[in-house]
Amino acid sequence: MTNDTPATGTAPSPDTTSADTAATTTTLVTGGNKGLGRETARRLLEAGHTVWIGARDEARGRATADELGARFVQLDVTDDASVAAAAETIAAAGGLDVLVNNAGITGSHSSPDQLTGSDALEVLDTNVASIVRTTTAFLPLLRRSSAPTIVNVTSGLGSFTAVHDADRIESTVVAPLYTASKAAVTMLTVQYAKALPEIRVNAADPGYTATDLNGNSGHQTVTEGTDAVVELATRGGQGPTGTFIDRSGVAPF
């Protein structure tokens with residue numbers, strides 16, 4: 001670490017992570033000023049991590065960081081220069097062990113026959129290209145960690161299995177751009193895991209959680225929604241890579 005559901009077996013609970021291990025773990029949560037990002041930051045701080053909250057809005061980001069006892073770094077995941085500057089800031093402060101790619105948007109709510117190419121590019125830029133930006137920018141820092149970890153927040157809405165299962169809520173949602181972006185996030189996770197075998201790269205599905213993205217209609221609390229993210233972020237660089245999990249374990253794709 002700095003000088004973040006296994007296919008088989010059971011991973012340690014985030015709440016039982018040893019203080020000695022967690023105390024030296026530095027984590028960045030993008031989009032960390034509200035919703036799942038904020039709760040992820042809160043729980044990782046509770047587990048002993050040093051947490052950076054990355055947010056585009058400086059006032060909101062700083063307020064959240066101050067409230068939680070985290071650090072703040074200005075970070076617009078759609079802007080190459082902003083991501084590079086954030087990486088420099090965190091490098092100067094000591095480095096990074098865990099990158100949680102949480103920032104995302106739902107995009108246009110237009111009916112499918114009214115969607116435009118610009119609508120698609122906006123969602124893909126924020127939800128997918130952002131992960132390429134942050135991975136490239138923070139990779140030198142992660143490679144200096146003894147337990148480098150990347151957690152990509154994806155969704156069951158990007159799962160072919162889930163959206164074809166009439167018993168799952170994902171099958172009732174029609175949102176071409178958001179769902180396609182999350183399918184891309186999951187595959188990007190697998191590809192990075194193959195390309196970067198020295199880093200644990202996994203994807204977490206929060207499940208149907210009450211957040212601003214769905215008008216707080218989800219049946220899960222944000223704490224329940226961050227279970228999979230926090231588990232992956234607290235494995236200490238151990239366990240499988242290239243997996244897609246939810247709070248119940250390995251999820252179908």
# chains A, B, ... in the order shown; residues from 1 in each chain; ligands from 1
$ residues_around --residues "Arg42 (chain A)" --least-positions-apart "3" --cutoff "9 Å" --atoms "only C-alpha atoms" --output "VMD selection string"
chain A and resid 37 to 39 45 to 47 51 68 to 70
$ closest_atom_pairs --of "region 138-174 of chain A" --to "region 222-244 of chain A" --cutoff "12 Å" --atoms "only C-alpha atoms" --output "Markdown table"
| residue | atom | partner | partner_atom | distance |
| --- | --- | --- | --- | --- |
| A:Leu142 | CA | A:Gly237 | CA | 10.8 |
| A:Arg143 | CA | A:Gly237 | CA | 11.6 |
| A:Ser145 | CA | A:Gly237 | CA | 9.3 |
| A:Ser146 | CA | A:Gly237 | CA | 7.6 |
| A:Ala147 | CA | A:Gly237 | CA | 4.0 |
| A:Pro148 | CA | A:Gly237 | CA | 5.7 |
| A:Thr149 | CA | A:Gly237 | CA | 5.9 |
| A:Ile150 | CA | A:Ala233 | CA | 7.7 |
| A:Val151 | CA | A:Leu232 | CA | 6.6 |
| A:Asn152 | CA | A:Val229 | CA | 8.2 |
| A:Val153 | CA | A:Val229 | CA | 7.1 |
| A:Thr154 | CA | A:Phe244 | CA | 8.5 |
| A:Ser155 | CA | A:Phe244 | CA | 9.4 |
| A:Gly156 | CA | A:Phe244 | CA | 9.5 |
| A:Gly158 | CA | A:Phe244 | CA | 11.0 |
| A:Ser159 | CA | A:Phe244 | CA | 9.8 |
$ select_by_dssp --residues "region 112-153 of chain A" --states "alpha helix (DSSP H)" --output "list in words"
Gly117, Ser118, Asp119, Ala120, Leu121, Glu122, Val123, Leu124, Ser130, Ile131, Val132, Arg133, Thr134, Thr135, Thr136, Ala137, Phe138, Leu139, Pro140, Leu141 and Leu142 of chain A
$ select_by_dssp --residues "region 65-174 of chain A" --states "strand (DSSP E)" --output "list in words"
Arg71, Phe72, Val73, Gln74, Val98, Leu99, Val100, Asn101, Thr149, Ile150, Val151, Asn152 and Val153 of chain A
$ closest_residue --among "A:Lys194, A:Lys182, A:Arg56, A:Arg247" --to "Val77 (chain A)" --atoms "only C-alpha atoms"
A:Arg56
$ residues_around --residues "Val128 (chain A)" --least-positions-apart "2" --cutoff "8 Å" --atoms "only C-alpha atoms" --output "list in words"
Val123, Leu124, Asp125, Thr126, Ser130, Ile131, Val132, Ser181, Lys182, Ala184 and Val185 of chain A
$ atom_distance --atom1 "CA of Ser82 (chain A)" --atom2 "CA of Thr24 (chain A)"
25.8 Å
$ residues_around --residues "region 169-179 of chain A" --least-positions-apart "6" --cutoff "9 Å" --atoms "only C-alpha atoms" --output "PyMOL selection string"
chain A and resi 105-109+111-112+115+119-120+123-124+127+155-159+162-163+208
$ closest_residue --among "A:Glu88, A:Glu58, A:Asp76, A:Asp205" --to "Leu139 (chain A)" --atoms "only C-alpha atoms"
A:Glu88
